[in-house]
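Each remark here refers to the structure printed beneath this line.
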Amino acid sequence: MAASGHGISLGRLAHQFKLQLRGDPQHQIRGVATLTSAGRDDLAFMANPLYRSQLKDTKAGVVVLSADNAEHFGGNVLIADDAYLAWAKLAAQFDRRPTISGGVHPSAVVDASAQIDDTAAIGAGVVVGERAVIGANVQIGAGSFIGADCHLGANSRLEPRVVLQSNVKLGQRVIVHPGAVIGADGFGLAFDGAAGQWIKVPQLGGVSIGDDSEVGANTTIDRGALEDTIIGCDVRLDNQIQIAHNVVVGDHTAMAGCSAVAGSARIGKYCMIAGGVGILGHLELCDRVTVTAMSLVTRSINKPGTYSSGTPLQDNAQWRRNAVRIRQLDDLARRVRRLEHE
Amino acid sequence: MAASGHGISLGRLAHQFKLQLRGDPQHQIRGVATLTSAGRDDLAFMANPLYRSQLKDTKAGVVVLSADNAEHFGGNVLIADDAYLAWAKLAAQFDRRPTISGGVHPSAVVDASAQIDDTAAIGAGVVVGERAVIGANVQIGAGSFIGADCHLGANSRLEPRVVLQSNVKLGQRVIVHPGAVIGADGFGLAFDGAAGQWIKVPQLGGVSIGDDSEVGANTTIDRGALEDTIIGCDVRLDNQIQIAHNVVVGDHTAMAGCSAVAGSARIGKYCMIAGGVGILGHLELCDRVTVTAMSLVTRSINKPGTYSSGTPLQDNAQWRRNAVRIRQLDDLARRVRRLEHE
Amino acid sequence: MAASGHGISLGRLAHQFKLQLRGDPQHQIRGVATLTSAGRDDLAFMANPLYRSQLKDTKAGVVVLSADNAEHFGGNVLIADDAYLAWAKLAAQFDRRPTISGGVHPSAVVDASAQIDDTAAIGAGVVVGERAVIGANVQIGAGSFIGADCHLGANSRLEPRVVLQSNVKLGQRVIVHPGAVIGADGFGLAFDGAAGQWIKVPQLGGVSIGDDSEVGANTTIDRGALEDTIIGCDVRLDNQIQIAHNVVVGDHTAMAGCSAVAGSARIGKYCMIAGGVGILGHLELCDRVTVTAMSLVTRSINKPGTYSSGTPLQDNAQWRRNAVRIRQLDDLARRVRRLEHE
């Protein structure tokens, strides 16, 4: 990334983020880059010692390193206990992606009963429904839809083409990525046996999302059937996640892409759900549960730890030979028992 | 949910839905709620005896119960053979979510050749293409795109930001949730070995969806390659489902979130496909097939019943020990056979 | 599909696509259809001998066939080494789906600093950001969002409601289907142990997509953390695929619906990734790797071939009996070893 914009001195960065500086406090940083692409105006970082060899050739103006790694580098260093964490905070200073300019774009359609803070920015083609409340410094990307009775807390940011159906409450500093749909009807059906058809169960609840949470692109979070679907604070949802009606996700839980949670499941705090995981309905996961990729959670978990299902990747020919044996596994186990009793 | 709007008397509800009323026929109901949050103006229900203890404390104006459960409650009761089904029908009377006001929003862009019924409501920023036909009382949410030659049957409802590409036909009372894309190109590719590259196979068919079907948020249903992809009547598709080109889904089949059906598969009537299920291309599933969550259907099924694949969730350490054995399973089976023959 | 538009003679089609014609070179073709629905103005094809019986009843004006299959048909034939490939090329001549009319729709919102080629067509409600560059003959469907610093190469086509966040570069002839989101933030988080919360890692890279690639409906491709996420040339991505930050996908690779690739994974050229596959982060797959449906790739693959994981579909009762044994598999293997040593 080419450096751009006005600089910040290393001395100021060290002071602001409480890091130890080894080098020139006057040196100006204007951007961020990888070790290999950084120039003298750039901040870079290295957390994994595997990449230590890149240190000797980097042209970075400063590198964020742990004290251990800093010994292997002769240039300017910001020393941090956790280099990746320090990097996350530092790099945010150089995020110069465009923001929406303030005010309501003339092409937006805002209901007269909506309350929009003067400092909020409403993009082109946005629709804001009845009684919606848009807080201070909120940014709403082009083409987003904010339904009736939605509340957006201060400093929240919706990227383009987000849909919040009616009665969705976002806390402060919530980020929602493009294509996310929050508050669509849950999948509630009752089967009418006499008529031989499904009857839709009205979905009358809403969605509540706490402060500092993030919702990935094309992720869907359904409204509750009667009470709200609840996403806590500092919950991090990646792309294409499906959260069904009346699910509760605890604070600080992170879920990776394409995972899905069925109706009324309750997930604890500080859980880590990997990509493609499925969690069945009405289950409870306690705090600090980790589930590995593409596992299916079929029972409640009341003990912190790491859980998995699935089978290892194999060469297809080998897999075919073994897979057919899975169908015979119960029989095989019985035969072994028989052998043991002979 | 706070009660709101004008009330309906218990007597009238009992009469309209052919339920037995035990209690005051003059009592007015204005909303719906859970047993624990309901007030005296609210209708509540209980189907699962597990929650019977909540009956004694509820302040609900009336509760929908089976005759069995009704014995455990002293207040007003609407007695139903299937309390959940009765609830679904009753609660729909109290669904007061906003509807789009009638007519064509001035910001909508409607082709001169489109036919829009006078009773239809077209939201802000909607685009309607050539020769599209929009039936009576159809509601099209803000920012939806209705391509050329699409037909929307009477009383259908599109939520905001739905895309119907060209040549998509919806029956009556079809509901499509936000972000759904119906009629995008199927994934048709021919490999040109001489050139070492893919050639796109034109996708020239359409999509046909029958009466009373529902399509979830961010679900995708591809157009057929030559003939139509066909979704029957009363088919219920949850969020983030992928239906490939030329799939046929039979009437009354329900599919939960994140399931996917590959090209030209045919699914029967009254099937229940759980979340995250995959169905390979060109297979046939007969009527009344149930597939459990995250199973992969690799062969046609010609017998009604329940089918599964996958492995149970385990503690990760246990899972690692067992998973490595799956790779040795064929070998293990051969060794057992050898032991038996010794 | 009803034939429509002006015709093309069989002689001209044979000449243009270097196929052998057996039949009347003057016969005019106006559309394409299946063998069973084709009329005398239509082109049809048959590649799979399984459908040979349909040849005797077809009313198609011409059928594309291999030399072998041509012997079983008495009508006009275009003979091709690869009938499906020839069909793909021929049928594109008859793809008469609507295109967006040229110029910028009056409802589009285009930043003054954007450069839009005179031959490009920008649909209703499209938003084009600062410094975006739109090449010759590019078509942008209604309601799409093109963020700052995006470049769209000549003849690329975006269907309605596509989002390209800032700094997304598309090559020439790239097709993006509705609802796709390219360039949303990657899922970058650092855990701040002292504060007990997540810190967002700024995602400052972009996305680069090569010539002739295709991105399916509601697919998401995240921007890189620092450097770009890279999709090669002639890469074919189906619907609802998730590509995380800094992934590299090699030229000519095809991925079917709902597959997902975690951060920084590198996939080679000419790979075939089936539906629902998961690929963990930081892995490398060499060229010409095939992965079967719903497999999870947990390790790098350095040898071309076909790879799988998962278990076969079973009747649920049988599956339950066998699944419980998977949890005992390590124990079973140890018992067999013990028996062998007795």
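Residue numbering restarts at 1 in every chain; chains get A, B, ... in the order shown in the structure tokens, and ligands count up from 1 in that same order.
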Name all residues at most 7 Å from segment 137-154 of chain A (count only C-alpha atoms; drop same-chain ones fewer than 4 positions away) and give them as a tab-separated table (two decimals) with C-alpha atoms, in the first residue's frame.
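Listed below is the output, selection33.tsv:
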```
chain	number	residue	atom	x	y	z
A	100	ILE	CA	-19.72	8.82	3.39
A	119	THR	CA	-24.01	14.22	12.53
A	120	ALA	CA	-25.22	11.04	10.79
A	121	ALA	CA	-24.44	10.39	7.12
A	122	ILE	CA	-27.08	8.72	4.99
A	123	GLY	CA	-25.89	7.48	1.57
A	124	ALA	CA	-27.51	7.53	-1.85
A	125	GLY	CA	-30.71	5.57	-2.28
A	126	VAL	CA	-31.03	4.67	1.39
A	127	VAL	CA	-34.58	4.12	2.67
A	128	VAL	CA	-35.37	4.89	6.32
A	129	GLY	CA	-38.74	3.77	7.68
A	130	GLU	CA	-41.20	5.01	10.26
A	131	ARG	CA	-39.96	5.89	13.72
A	132	ALA	CA	-36.40	4.75	12.96
A	133	VAL	CA	-33.79	6.42	15.18
A	158	LEU	CA	-23.58	0.18	7.78
A	159	GLU	CA	-21.79	-0.58	4.54
A	160	PRO	CA	-23.76	-0.44	1.27
A	161	ARG	CA	-26.84	-2.58	0.61
A	162	VAL	CA	-27.49	-3.67	4.17
A	163	VAL	CA	-31.07	-4.56	5.12
A	164	LEU	CA	-32.40	-4.01	8.62
A	165	GLN	CA	-36.01	-5.11	8.61
A	166	SER	CA	-38.33	-3.53	11.16
A	167	ASN	CA	-37.55	-3.54	14.88
A	168	VAL	CA	-33.78	-4.10	14.77
A	169	LYS	CA	-31.76	-2.41	17.51
A	170	LEU	CA	-28.02	-1.90	17.07
A	171	GLY	CA	-25.79	-0.72	19.92
A	172	GLN	CA	-22.91	1.70	19.51
A	173	ARG	CA	-19.99	1.18	17.15
```
Long-range neighbours of Asp234 of chain A as a list in words, 9 Å cut-off, only C-alpha atoms, 3 positions minimum in chain: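 Skipping anything fewer than 3 positions along the chain leaves Val174, Gly210, Asp211, Asp212, Ser213, Glu214, Ile231, Gly250, Asp251, His252, Thr253 and Ala254 of chain A; Gln197 and Trp198 of chain C.
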Point-to-point distance from atom CA of Leu285 of chain B to atom CA of Ser264 of chain B, Å rounded to tenths: 11.7 Å
Secondary structure check, helix (DSSP H, G or I) residues of segment 22-236 of chain B, as a ChimeraX atom specification: /B:49-56,67-70,83-94
Exercise answer, chain C residues close to chain B, 8 Å and only C-alpha atoms, as number ranges by chain: C: 1, 32-34, 84-85, 87-89, 91-92, 95, 97-98, 124-125, 142-143, 160-161, 177-179, 217-218, 234, 238-240, 252, 256-258, 275-276, 293-294, 310-316, 319, 323-324, 326-330, 333, 336, 339-340
Gap from atom CA of Cys286 of chain B to atom CA of Ile273 of chain B - Å, one decimal: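 Atom CA of Cys286 of chain B sits 12.5 Å away from atom CA of Ile273 of chain B.
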Those in segment 91-143 of chain A with strand (DSSP E or B) from DSSP, as an NGL selection string: :A and (103-104 or 109-110 or 115-116 or 121-122 or 127-128 or 133-134 or 139-140)
Would you save the residues of that selection, restricted to N, CA and C atoms, as a PDB file, in the first residue's frame?
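Writing the result to result-v3.pdb gives the following:
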```pdb
ATOM      1  N   GLY A 103     -24.676  14.220   6.325  1.00  0.00           N
ATOM      2  CA  GLY A 103     -26.000  14.615   5.886  1.00  0.00           C
ATOM      3  C   GLY A 103     -26.720  13.510   5.146  1.00  0.00           C
ATOM      4  N   VAL A 104     -27.911  13.843   4.702  1.00  0.00           N
ATOM      5  CA  VAL A 104     -28.768  12.874   4.024  1.00  0.00           C
ATOM      6  C   VAL A 104     -28.661  13.114   2.524  1.00  0.00           C
ATOM      7  N   VAL A 109     -34.634   8.187   0.840  1.00  0.00           N
ATOM      8  CA  VAL A 109     -36.066   8.345   1.106  1.00  0.00           C
ATOM      9  C   VAL A 109     -36.272   8.106   2.606  1.00  0.00           C
ATOM     10  N   VAL A 110     -36.503   9.165   3.342  1.00  0.00           N
ATOM     11  CA  VAL A 110     -36.555   9.090   4.801  1.00  0.00           C
ATOM     12  C   VAL A 110     -37.968   9.430   5.272  1.00  0.00           C
ATOM     13  N   GLN A 115     -36.031   9.784  13.229  1.00  0.00           N
ATOM     14  CA  GLN A 115     -35.171  10.775  13.876  1.00  0.00           C
ATOM     15  C   GLN A 115     -33.736  10.501  13.465  1.00  0.00           C
ATOM     16  N   ILE A 116     -33.147  11.451  12.785  1.00  0.00           N
ATOM     17  CA  ILE A 116     -31.786  11.258  12.295  1.00  0.00           C
ATOM     18  C   ILE A 116     -30.896  12.324  12.908  1.00  0.00           C
ATOM     19  N   ALA A 121     -24.574  10.297   8.580  1.00  0.00           N
ATOM     20  CA  ALA A 121     -24.437  10.391   7.122  1.00  0.00           C
ATOM     21  C   ALA A 121     -25.263   9.280   6.486  1.00  0.00           C
ATOM     22  N   ILE A 122     -26.169   9.674   5.614  1.00  0.00           N
ATOM     23  CA  ILE A 122     -27.083   8.715   4.988  1.00  0.00           C
ATOM     24  C   ILE A 122     -26.793   8.718   3.493  1.00  0.00           C
ATOM     25  N   VAL A 127     -33.184   3.946   2.261  1.00  0.00           N
ATOM     26  CA  VAL A 127     -34.577   4.117   2.670  1.00  0.00           C
ATOM     27  C   VAL A 127     -34.639   3.969   4.191  1.00  0.00           C
ATOM     28  N   VAL A 128     -35.236   4.930   4.865  1.00  0.00           N
ATOM     29  CA  VAL A 128     -35.374   4.885   6.323  1.00  0.00           C
ATOM     30  C   VAL A 128     -36.858   4.933   6.668  1.00  0.00           C
ATOM     31  N   VAL A 133     -34.618   5.464  14.455  1.00  0.00           N
ATOM     32  CA  VAL A 133     -33.792   6.425  15.183  1.00  0.00           C
ATOM     33  C   VAL A 133     -32.331   6.172  14.811  1.00  0.00           C
ATOM     34  N   ILE A 134     -31.692   7.173  14.231  1.00  0.00           N
ATOM     35  CA  ILE A 134     -30.316   7.037  13.753  1.00  0.00           C
ATOM     36  C   ILE A 134     -29.443   7.950  14.613  1.00  0.00           C
ATOM     37  N   GLN A 139     -23.016   6.050  10.076  1.00  0.00           N
ATOM     38  CA  GLN A 139     -22.861   6.088   8.627  1.00  0.00           C
ATOM     39  C   GLN A 139     -23.702   4.969   8.023  1.00  0.00           C
ATOM     40  N   ILE A 140     -24.523   5.318   7.049  1.00  0.00           N
ATOM     41  CA  ILE A 140     -25.342   4.297   6.385  1.00  0.00           C
ATOM     42  C   ILE A 140     -24.993   4.287   4.905  1.00  0.00           C
TER      43      ILE A 140
END
```
Top pick for closest residue to Gly102 of chain B, considering B:Ala136, B:Val207, B:Ala14, B:Ile267 and counting only C-alpha atoms: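 Using only C-alpha atoms, Gly102 of chain B sits closest to B:Ala136.
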Contacts of Gly74 of chain A within 12 Å, only C-alpha atoms, excl. fewer than 5 positions in-chain, as a list in words: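 Skipping anything fewer than 5 positions along the chain leaves Arg22, Gly23, Leu55, Lys56, Asp57, Thr58, Lys59, Ala60, Gly61, Val62, Val63, Leu65 and Asn69 of chain A.
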